[in-house]
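Dumped target_11.pdb below, it's PDB, C-alpha atoms:
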```pdb
ATOM      1  CA  THR T   1     -14.679 -16.232  14.740
ATOM      2  CA  PRO T   2     -14.824 -12.971  12.753
ATOM      3  CA  PRO T   3     -12.162 -10.312  13.294
ATOM      4  CA  ALA T   4     -12.797  -7.978  16.218
ATOM      5  CA  TYR T   5     -11.879  -4.899  14.149
ATOM      6  CA  ASP T   6     -12.524  -3.817  10.586
ATOM      7  CA  VAL T   7      -9.242  -1.880  10.328
ATOM      8  CA  GLY T   8      -5.954  -2.124  12.201
ATOM      9  CA  PHE T   9      -2.753  -0.102  12.518
ATOM     10  CA  ILE T  10       0.373  -1.185  14.384
ATOM     11  CA  GLY T  11       3.367   1.085  14.832
ATOM     12  CA  ASN T  12       4.861   4.250  16.215
ATOM     13  CA  LEU T  13       2.229   6.923  16.834
ATOM     14  CA  ALA T  14       4.126   9.710  15.068
ATOM     15  CA  LYS T  15       2.811  12.547  12.892
ATOM     16  CA  TRP T  16       4.209  11.163   9.630
ATOM     17  CA  GLN T  17       2.345   7.835  10.112
ATOM     18  CA  GLY T  18      -0.896   9.450   8.922
ATOM     19  CA  ILE T  19      -3.070   8.191  11.778
ATOM     20  CA  GLU T  20      -4.947  11.514  11.978
ATOM     21  CA  TRP T  21      -5.796  10.991   8.306
ATOM     22  CA  LEU T  22      -7.082   7.500   9.193
ATOM     23  CA  ILE T  23      -9.292   8.836  11.997
ATOM     24  CA  ASP T  24     -10.565  11.661   9.757
ATOM     25  CA  SER T  25     -11.473   9.061   7.122
ATOM     26  CA  LEU T  26     -13.428   7.009   9.662
ATOM     27  CA  ALA T  27     -15.266  10.197  10.662
ATOM     28  CA  PHE T  28     -15.992  10.794   6.950
ATOM     29  CA  LEU T  29     -17.556   7.310   6.755
ATOM     30  CA  LYS T  30     -19.526   7.958   9.937
ATOM     31  CA  LYS T  31     -21.104  11.041   8.294
ATOM     32  CA  GLU T  32     -22.200   8.714   5.490
ATOM     33  CA  ASN T  33     -23.797   6.401   8.116
ATOM     34  CA  PHE T  34     -21.133   3.752   7.587
ATOM     35  CA  THR T  35     -19.488   2.619  10.803
ATOM     36  CA  ALA T  36     -16.128   0.872  10.893
ATOM     37  CA  SER T  37     -14.156  -0.283  13.930
ATOM     38  CA  LEU T  38     -10.455   0.521  14.280
ATOM     39  CA  ALA T  39      -7.635  -0.842  16.440
ATOM     40  CA  ILE T  40      -4.552   1.347  16.929
ATOM     41  CA  ALA T  41      -1.651  -0.522  18.530
ATOM     42  CA  GLY T  42       1.487   1.315  19.571
ATOM     43  CA  THR T  43       2.736   4.298  21.491
ATOM     44  CA  GLY T  44       4.361   7.547  20.517
ATOM     45  CA  PRO T  45       4.278  11.331  20.659
ATOM     46  CA  GLU T  46       0.857  11.627  18.973
ATOM     47  CA  ALA T  47      -1.030   9.261  21.333
ATOM     48  CA  SER T  48      -2.659  12.013  23.404
ATOM     49  CA  SER T  49      -3.578  14.089  20.343
ATOM     50  CA  LEU T  50      -5.121  11.039  18.668
ATOM     51  CA  ARG T  51      -7.215  10.255  21.755
ATOM     52  CA  GLY T  52      -8.475  13.848  21.681
ATOM     53  CA  ARG T  53      -9.352  13.588  17.988
ATOM     54  CA  ILE T  54     -11.262  10.345  18.595
ATOM     55  CA  ARG T  55     -13.260  12.059  21.380
ATOM     56  CA  GLU T  56     -13.920  15.119  19.163
ATOM     57  CA  TYR T  57     -15.473  12.890  16.527
ATOM     58  CA  ASP T  58     -17.388  10.948  19.228
ATOM     59  CA  MET T  59     -15.898   7.677  18.003
ATOM     60  CA  SER T  60     -14.629   6.214  21.277
ATOM     61  CA  ASP T  61     -17.030   3.276  20.855
ATOM     62  CA  HIS T  62     -15.479   2.390  17.494
ATOM     63  CA  VAL T  63     -11.757   3.087  18.002
ATOM     64  CA  SER T  64      -9.599   1.106  20.422
ATOM     65  CA  MET T  65      -6.192   2.460  21.462
ATOM     66  CA  LEU T  66      -4.412  -0.770  22.448
ATOM     67  CA  GLY T  67      -1.124   0.785  23.570
ATOM     68  CA  SER T  68       2.222  -0.963  23.287
ATOM     69  CA  ILE T  69       2.089  -4.579  22.098
ATOM     70  CA  PRO T  70       4.997  -7.014  22.663
ATOM     71  CA  TYR T  71       6.384  -8.062  19.278
ATOM     72  CA  ASP T  72       5.500 -11.731  19.838
ATOM     73  CA  LYS T  73       1.833 -10.687  20.258
ATOM     74  CA  VAL T  74       1.737  -8.547  17.077
ATOM     75  CA  PRO T  75       0.454 -11.389  14.810
ATOM     76  CA  GLN T  76      -2.402 -12.010  17.254
ATOM     77  CA  VAL T  77      -3.460  -8.335  17.054
ATOM     78  CA  ILE T  78      -3.076  -8.271  13.250
ATOM     79  CA  ASN T  79      -5.276 -11.350  12.997
ATOM     80  CA  GLN T  80      -8.004  -9.574  14.965
ATOM     81  CA  CYS T  81      -8.269  -7.071  12.078
ATOM     82  CA  ARG T  82      -9.983  -7.541   8.725
ATOM     83  CA  ILE T  83      -7.811  -4.939   6.928
ATOM     84  CA  CYS T  84      -4.474  -3.408   7.942
ATOM     85  CA  VAL T  85      -3.120   0.025   7.074
ATOM     86  CA  SER T  86       0.331   1.462   6.552
ATOM     87  CA  LEU T  87      -0.183   5.149   5.943
ATOM     88  CA  LYS T  88       2.616   7.614   5.435
ATOM     89  CA  LEU T  89       2.361  11.326   4.858
ATOM     90  CA  ASP T  90       4.771  12.392   2.110
ATOM     91  CA  PHE T  91       7.099  14.945   3.696
ATOM     92  CA  CYS T  92       9.739  14.667   0.939
ATOM     93  CA  ASP T  93      10.185  17.537  -1.491
ATOM     94  CA  SER T  94       8.877  16.051  -4.734
ATOM     95  CA  LYS T  95      10.083  19.096  -6.718
ATOM     96  CA  ASN T  96      13.689  18.304  -5.825
ATOM     97  CA  SER T  97      14.546  15.660  -8.421
ATOM     98  CA  SER T  98      17.884  14.915  -6.737
ATOM     99  CA  VAL T  99      16.008  13.417  -3.755
ATOM    100  CA  SER T 100      15.440   9.699  -4.233
ATOM    101  CA  TYR T 101      13.646   7.625  -1.622
ATOM    102  CA  SER T 102      11.639   4.450  -1.271
ATOM    103  CA  TYR T 103       9.560   3.108   1.618
ATOM    104  CA  SER T 104       9.626  -0.474   2.838
ATOM    105  CA  PRO T 105       7.824  -0.549   6.199
ATOM    106  CA  LEU T 106       8.273  -3.730   8.217
ATOM    107  CA  LYS T 107       4.594  -3.600   9.190
ATOM    108  CA  ILE T 108       3.656  -4.380   5.570
ATOM    109  CA  ARG T 109       5.686  -7.582   5.801
ATOM    110  CA  ASP T 110       3.963  -8.491   9.084
ATOM    111  CA  TYR T 111       0.493  -7.740   7.671
ATOM    112  CA  ALA T 112       1.167  -9.736   4.499
ATOM    113  CA  ALA T 113       2.592 -12.690   6.452
ATOM    114  CA  CYS T 114      -0.698 -12.792   8.390
ATOM    115  CA  GLY T 115      -2.634 -12.801   5.098
ATOM    116  CA  LYS T 116      -4.272  -9.393   5.486
ATOM    117  CA  PRO T 117      -5.323  -7.022   2.709
ATOM    118  CA  ILE T 118      -3.410  -3.760   3.056
ATOM    119  CA  ILE T 119      -4.315  -0.143   2.422
ATOM    120  CA  ALA T 120      -1.185   1.988   2.093
ATOM    121  CA  SER T 121      -0.043   5.374   0.883
ATOM    122  CA  LYS T 122       0.766   5.686  -2.815
ATOM    123  CA  LEU T 123       4.487   6.329  -2.358
ATOM    124  CA  PRO T 124       7.687   4.971  -3.957
ATOM    125  CA  GLY T 125       8.498   1.446  -2.798
ATOM    126  CA  LEU T 126       4.899   0.460  -2.059
ATOM    127  CA  GLU T 127       3.826  -0.294  -5.645
ATOM    128  CA  GLU T 128       4.123  -4.039  -4.961
ATOM    129  CA  ILE T 129       0.913  -3.863  -2.919
ATOM    130  CA  GLU T 130      -1.254  -3.053  -5.945
ATOM    131  CA  ASN T 131       0.962  -4.750  -8.537
ATOM    132  CA  SER T 132       0.669  -8.077  -6.691
ATOM    133  CA  ARG T 133      -3.004  -7.468  -5.873
ATOM    134  CA  PHE T 134      -2.855  -7.629  -2.106
ATOM    135  CA  GLY T 135      -4.104  -4.153  -1.342
ATOM    136  CA  ILE T 136      -5.068  -0.648  -2.359
ATOM    137  CA  LEU T 137      -2.860   2.440  -2.563
ATOM    138  CA  VAL T 138      -4.262   5.906  -1.804
ATOM    139  CA  GLN T 139      -2.780   9.378  -2.200
ATOM    140  CA  PRO T 140      -1.314  10.639   1.112
ATOM    141  CA  GLY T 141      -3.831  12.805   2.971
ATOM    142  CA  ASP T 142      -6.803  11.957   0.697
ATOM    143  CA  ILE T 143      -9.590  11.521   3.277
ATOM    144  CA  ALA T 144     -12.343  10.575   0.798
ATOM    145  CA  GLY T 145      -9.984   8.212  -1.065
ATOM    146  CA  LEU T 146      -8.969   6.375   2.111
ATOM    147  CA  ALA T 147     -12.596   6.199   3.269
ATOM    148  CA  SER T 148     -13.587   4.756  -0.112
ATOM    149  CA  ALA T 149     -10.816   2.116   0.002
ATOM    150  CA  MET T 150     -11.841   1.013   3.517
ATOM    151  CA  ARG T 151     -15.508   0.844   2.564
ATOM    152  CA  LYS T 152     -14.743  -1.112  -0.626
ATOM    153  CA  LEU T 153     -12.903  -3.814   1.344
ATOM    154  CA  ILE T 154     -15.268  -3.925   4.328
ATOM    155  CA  ASP T 155     -18.262  -4.246   1.969
ATOM    156  CA  ASN T 156     -16.594  -7.010  -0.042
ATOM    157  CA  PRO T 157     -15.442  -9.956   2.110
ATOM    158  CA  ASP T 158     -14.624 -12.033  -0.995
ATOM    159  CA  LEU T 159     -12.224  -9.329  -2.229
ATOM    160  CA  CYS T 160     -10.713  -9.140   1.279
ATOM    161  CA  ASP T 161     -10.173 -12.899   1.288
ATOM    162  CA  GLU T 162      -8.641 -12.872  -2.198
ATOM    163  CA  MET T 163      -6.261 -10.021  -1.329
ATOM    164  CA  GLY T 164      -5.403 -11.757   1.940
ATOM    165  CA  ARG T 165      -4.441 -14.944   0.081
ATOM    166  CA  ASN T 166      -2.379 -12.898  -2.388
ATOM    167  CA  ALA T 167      -0.659 -11.137   0.540
ATOM    168  CA  ARG T 168       0.283 -14.423   2.203
ATOM    169  CA  ALA T 169       1.576 -15.902  -1.062
ATOM    170  CA  TYR T 170       3.620 -12.754  -1.743
ATOM    171  CA  ALA T 171       5.059 -12.822   1.783
ATOM    172  CA  GLU T 172       6.110 -16.457   1.379
ATOM    173  CA  GLN T 173       7.801 -15.704  -1.961
ATOM    174  CA  GLN T 174       9.342 -12.279  -1.322
ATOM    175  CA  TYR T 175       9.621 -11.676   2.432
ATOM    176  CA  SER T 176      10.964 -15.013   3.689
ATOM    177  CA  TRP T 177      14.393 -15.252   5.316
ATOM    178  CA  ALA T 178      15.478 -17.628   2.556
ATOM    179  CA  HIS T 179      14.593 -15.061  -0.121
ATOM    180  CA  THR T 180      16.253 -12.243   1.837
ATOM    181  CA  ALA T 181      19.440 -14.255   2.429
ATOM    182  CA  HIS T 182      19.605 -15.156  -1.274
ATOM    183  CA  ALA T 183      19.172 -11.490  -2.312
ATOM    184  CA  ILE T 184      21.906 -10.372   0.104
ATOM    185  CA  SER T 185      24.331 -13.048  -1.150
ATOM    186  CA  GLN T 186      23.632 -12.027  -4.761
ATOM    187  CA  ASN T 187      24.427  -8.405  -3.863
ATOM    188  CA  ILE T 188      27.687  -9.475  -2.177
ATOM    189  CA  VAL T 189      28.694 -11.515  -5.232
ATOM    190  CA  GLU T 190      27.962  -8.550  -7.526
ATOM    191  CA  LEU T 191      29.900  -6.131  -5.300
ATOM    192  CA  LEU T 192      32.903  -8.438  -5.087
ATOM    193  CA  SER T 193      32.967  -9.070  -8.847
ATOM    194  CA  SER T 194      32.720  -5.358  -9.686
ATOM    195  CA  GLY T 195      35.566  -4.377  -7.354
TER     196      GLY T 195
END
```
Have the structure of the file written as structure tokens, please.
Amino acid sequence: TPPAYDVGFIGNLAKWQGIEWLIDSLAFLKKENFTASLAIAGTGPEASSLRGRIREYDMSDHVSMLGSIPYDKVPQVINQCRICVSLKLDFCDSKNSSVSYSYSPLKIRDYAACGKPIIASKLPGLEEIENSRFGILVQPGDIAGLASAMRKLIDNPDLCDEMGRNARAYAEQQYSWAHTAHAISQNIVELLSSG
């Protein structure tokens, strides 16, 4: 059976997650007579505001607010989506060169493990998504850019399938417990030998 949703987001409904940007991008597509369905799973301080935004754009028929999902049901929800998103708004001061940060959202690991293509913000730490060809990175807040990335994947099921396979392979190689345990033990060995 085909996925129930074109696009899916799972996580905390907070301002910095960029979900308003996602809804604005769907509205942008709607103006171009391109309709995409969206599932938003999670709860948080922005839930009410997001519902209002969905009503404003008259997209209640295309956006489902699923609420809180038990963690053991998360893969089931992810697998109901064709594409998954991990959007972050960049609130760090990029002019301050002494600030160093890198994102590594757990949702990306969950999406990849389920073999889903991912659209994410172009921020430090997320380069692996494009470098390993399992998704598309877009500048934070770029409505037209996000809309274009969603349309590109929705219109191209073969590309979606290829990126999904790449995501699953990457998850097996880089996100497994065996890989993580090995990396931690290597770090411990290095720390002990340098002390």
Have a look at T:Lys15, T:Lys122, T:Arg82, T:Lys88 and name the one nearest to Cys160 (chain T); count only C-alpha atoms.
T:Arg82
List the spatial neighbours of Gly8 (chain T) as an MDAnalysis selection string - criterion: any atom at most 10 Å away, all atoms listed in the file, same-chain residues fewer than 3 positions off excluded.
chainID T and resid 4:5 37:41 63:64 77:86 111 118
Counting all atoms listed in the file, find the residues whose atoms lie at most 12 Å from (-19.8, 4.3, 11.5) (file coordinates) and write them out as a PyMOL selection string.
chain T and resi 6+23-38+57-63+147+150-151+154
Neighbour list for region 131-144 of chain T as a PyMOL selection string, cut-off 9 Å, only C-alpha atoms, skip fewer than 3 positions in-chain
chain T and resi 18+21-22+24-26+28-29+87-90+112+115-123+126-128+147-149+160+162-168+170
Output C-alpha atoms for every residue in that selection, as a PDB file, in the coordinates of the input.
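Heads up, here's the output in out_18.pdb:
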```pdb
ATOM      1  CA  GLY T  18      -0.896   9.450   8.922  1.00  0.00           C
ATOM      2  CA  TRP T  21      -5.796  10.991   8.306  1.00  0.00           C
ATOM      3  CA  LEU T  22      -7.082   7.500   9.193  1.00  0.00           C
ATOM      4  CA  ASP T  24     -10.565  11.661   9.757  1.00  0.00           C
ATOM      5  CA  SER T  25     -11.473   9.061   7.122  1.00  0.00           C
ATOM      6  CA  LEU T  26     -13.428   7.009   9.662  1.00  0.00           C
ATOM      7  CA  PHE T  28     -15.992  10.794   6.950  1.00  0.00           C
ATOM      8  CA  LEU T  29     -17.556   7.310   6.755  1.00  0.00           C
ATOM      9  CA  LEU T  87      -0.183   5.149   5.943  1.00  0.00           C
ATOM     10  CA  LYS T  88       2.616   7.614   5.435  1.00  0.00           C
ATOM     11  CA  LEU T  89       2.361  11.326   4.858  1.00  0.00           C
ATOM     12  CA  ASP T  90       4.771  12.392   2.110  1.00  0.00           C
ATOM     13  CA  ALA T 112       1.167  -9.736   4.499  1.00  0.00           C
ATOM     14  CA  GLY T 115      -2.634 -12.801   5.098  1.00  0.00           C
ATOM     15  CA  LYS T 116      -4.272  -9.393   5.486  1.00  0.00           C
ATOM     16  CA  PRO T 117      -5.323  -7.022   2.709  1.00  0.00           C
ATOM     17  CA  ILE T 118      -3.410  -3.760   3.056  1.00  0.00           C
ATOM     18  CA  ILE T 119      -4.315  -0.143   2.422  1.00  0.00           C
ATOM     19  CA  ALA T 120      -1.185   1.988   2.093  1.00  0.00           C
ATOM     20  CA  SER T 121      -0.043   5.374   0.883  1.00  0.00           C
ATOM     21  CA  LYS T 122       0.766   5.686  -2.815  1.00  0.00           C
ATOM     22  CA  LEU T 123       4.487   6.329  -2.358  1.00  0.00           C
ATOM     23  CA  LEU T 126       4.899   0.460  -2.059  1.00  0.00           C
ATOM     24  CA  GLU T 127       3.826  -0.294  -5.645  1.00  0.00           C
ATOM     25  CA  GLU T 128       4.123  -4.039  -4.961  1.00  0.00           C
ATOM     26  CA  ALA T 147     -12.596   6.199   3.269  1.00  0.00           C
ATOM     27  CA  SER T 148     -13.587   4.756  -0.112  1.00  0.00           C
ATOM     28  CA  ALA T 149     -10.816   2.116   0.002  1.00  0.00           C
ATOM     29  CA  CYS T 160     -10.713  -9.140   1.279  1.00  0.00           C
ATOM     30  CA  GLU T 162      -8.641 -12.872  -2.198  1.00  0.00           C
ATOM     31  CA  MET T 163      -6.261 -10.021  -1.329  1.00  0.00           C
ATOM     32  CA  GLY T 164      -5.403 -11.757   1.940  1.00  0.00           C
ATOM     33  CA  ARG T 165      -4.441 -14.944   0.081  1.00  0.00           C
ATOM     34  CA  ASN T 166      -2.379 -12.898  -2.388  1.00  0.00           C
ATOM     35  CA  ALA T 167      -0.659 -11.137   0.540  1.00  0.00           C
ATOM     36  CA  ARG T 168       0.283 -14.423   2.203  1.00  0.00           C
ATOM     37  CA  TYR T 170       3.620 -12.754  -1.743  1.00  0.00           C
TER      38      TYR T 170
END
```
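In this structure, CA of Trp16 (chain T) sits 11.5 Å away from CA of Gly44 (chain T).
Interatomic distance, CA of Lys73 (chain T) to CA of Ser49 (chain T): 25.4 Å.
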Pick out the residues sitting within 9 Å of Ala14 (chain T), and hand them over as number ranges by chain; count only C-alpha atoms, and ignore anything fewer than 3 positions along from it in its own chain.
T: 11, 17-19, 43-47
Contact residues around region 107-110 of chain T with only C-alpha atoms at 7 Å, ignoring same-chain residues under 4 positions, as a VMD selection string
chain T and resid 86 114 171 175
Could the residues in this selection be saved with C-alpha atoms as a PDB file, in the coordinates of the input?
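Written file, result-v1.pdb:
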```pdb
ATOM      1  CA  SER T  86       0.331   1.462   6.552  1.00  0.00           C
ATOM      2  CA  CYS T 114      -0.698 -12.792   8.390  1.00  0.00           C
ATOM      3  CA  ALA T 171       5.059 -12.822   1.783  1.00  0.00           C
ATOM      4  CA  TYR T 175       9.621 -11.676   2.432  1.00  0.00           C
TER       5      TYR T 175
END
```
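What separates CA of Ile129 (chain T) from CA of Leu153 (chain T) is a distance of 14.5 Å.
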Would you mind writing region 135-168 of chain T with N, CA and C atoms, as a tab-separated table (two decimals), keeping the file's coordinate frame?
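Done, and the output landed in result.tsv:
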```
chain	number	residue	atom	x	y	z
T	135	GLY	N	-3.64	-5.34	-2.03
T	135	GLY	CA	-4.10	-4.15	-1.34
T	135	GLY	C	-4.41	-3.01	-2.27
T	136	ILE	N	-4.68	-1.86	-1.65
T	136	ILE	CA	-5.07	-0.65	-2.36
T	136	ILE	C	-4.16	0.48	-1.92
T	137	LEU	N	-3.68	1.26	-2.87
T	137	LEU	CA	-2.86	2.44	-2.56
T	137	LEU	C	-3.71	3.70	-2.70
T	138	VAL	N	-3.52	4.64	-1.77
T	138	VAL	CA	-4.26	5.91	-1.80
T	138	VAL	C	-3.29	7.08	-1.66
T	139	GLN	N	-3.63	8.19	-2.29
T	139	GLN	CA	-2.78	9.38	-2.20
T	139	GLN	C	-2.68	9.84	-0.74
T	140	PRO	N	-1.48	10.17	-0.27
T	140	PRO	CA	-1.31	10.64	1.11
T	140	PRO	C	-2.22	11.83	1.42
T	141	GLY	N	-2.98	11.71	2.51
T	141	GLY	CA	-3.83	12.80	2.97
T	141	GLY	C	-5.21	12.85	2.34
T	142	ASP	N	-5.51	11.96	1.39
T	142	ASP	CA	-6.80	11.96	0.70
T	142	ASP	C	-7.84	11.26	1.58
T	143	ILE	N	-8.62	12.06	2.32
T	143	ILE	CA	-9.59	11.52	3.28
T	143	ILE	C	-10.67	10.71	2.56
T	144	ALA	N	-11.28	11.28	1.52
T	144	ALA	CA	-12.34	10.58	0.80
T	144	ALA	C	-11.80	9.31	0.13
T	145	GLY	N	-10.59	9.37	-0.41
T	145	GLY	CA	-9.98	8.21	-1.06
T	145	GLY	C	-9.73	7.07	-0.10
T	146	LEU	N	-9.21	7.39	1.10
T	146	LEU	CA	-8.97	6.38	2.11
T	146	LEU	C	-10.29	5.79	2.60
T	147	ALA	N	-11.27	6.66	2.82
T	147	ALA	CA	-12.60	6.20	3.27
T	147	ALA	C	-13.19	5.24	2.23
T	148	SER	N	-13.06	5.59	0.97
T	148	SER	CA	-13.59	4.76	-0.11
T	148	SER	C	-12.89	3.40	-0.16
T	149	ALA	N	-11.57	3.38	0.01
T	149	ALA	CA	-10.82	2.12	0.00
T	149	ALA	C	-11.24	1.22	1.17
T	150	MET	N	-11.41	1.81	2.36
T	150	MET	CA	-11.84	1.01	3.52
T	150	MET	C	-13.23	0.44	3.28
T	151	ARG	N	-14.13	1.30	2.80
T	151	ARG	CA	-15.51	0.84	2.56
T	151	ARG	C	-15.55	-0.26	1.52
T	152	LYS	N	-14.78	-0.11	0.45
T	152	LYS	CA	-14.74	-1.11	-0.63
T	152	LYS	C	-14.37	-2.49	-0.07
T	153	LEU	N	-13.36	-2.53	0.80
T	153	LEU	CA	-12.90	-3.81	1.34
T	153	LEU	C	-13.85	-4.35	2.42
T	154	ILE	N	-14.35	-3.47	3.28
T	154	ILE	CA	-15.27	-3.92	4.33
T	154	ILE	C	-16.55	-4.48	3.70
T	155	ASP	N	-17.03	-3.82	2.63
T	155	ASP	CA	-18.26	-4.25	1.97
T	155	ASP	C	-18.09	-5.50	1.12
T	156	ASN	N	-16.84	-5.90	0.88
T	156	ASN	CA	-16.59	-7.01	-0.04
T	156	ASN	C	-15.68	-8.07	0.59
T	157	PRO	N	-16.27	-8.93	1.44
T	157	PRO	CA	-15.44	-9.96	2.11
T	157	PRO	C	-14.71	-10.88	1.14
T	158	ASP	N	-15.30	-11.16	-0.02
T	158	ASP	CA	-14.62	-12.03	-1.00
T	158	ASP	C	-13.35	-11.38	-1.51
T	159	LEU	N	-13.42	-10.06	-1.79
T	159	LEU	CA	-12.22	-9.33	-2.23
T	159	LEU	C	-11.17	-9.31	-1.12
T	160	CYS	N	-11.63	-9.10	0.12
T	160	CYS	CA	-10.71	-9.14	1.28
T	160	CYS	C	-10.00	-10.48	1.35
T	161	ASP	N	-10.77	-11.56	1.21
T	161	ASP	CA	-10.17	-12.90	1.29
T	161	ASP	C	-9.17	-13.13	0.16
T	162	GLU	N	-9.53	-12.69	-1.05
T	162	GLU	CA	-8.64	-12.87	-2.20
T	162	GLU	C	-7.34	-12.09	-2.00
T	163	MET	N	-7.46	-10.83	-1.57
T	163	MET	CA	-6.26	-10.02	-1.33
T	163	MET	C	-5.44	-10.60	-0.18
T	164	GLY	N	-6.12	-11.13	0.82
T	164	GLY	CA	-5.40	-11.76	1.94
T	164	GLY	C	-4.59	-12.96	1.49
T	165	ARG	N	-5.18	-13.78	0.63
T	165	ARG	CA	-4.44	-14.94	0.08
T	165	ARG	C	-3.25	-14.48	-0.76
T	166	ASN	N	-3.48	-13.45	-1.57
T	166	ASN	CA	-2.38	-12.90	-2.39
T	166	ASN	C	-1.26	-12.36	-1.50
T	167	ALA	N	-1.65	-11.70	-0.39
T	167	ALA	CA	-0.66	-11.14	0.54
T	167	ALA	C	0.21	-12.24	1.14
T	168	ARG	N	-0.45	-13.31	1.58
T	168	ARG	CA	0.28	-14.42	2.20
T	168	ARG	C	1.23	-15.08	1.19
```
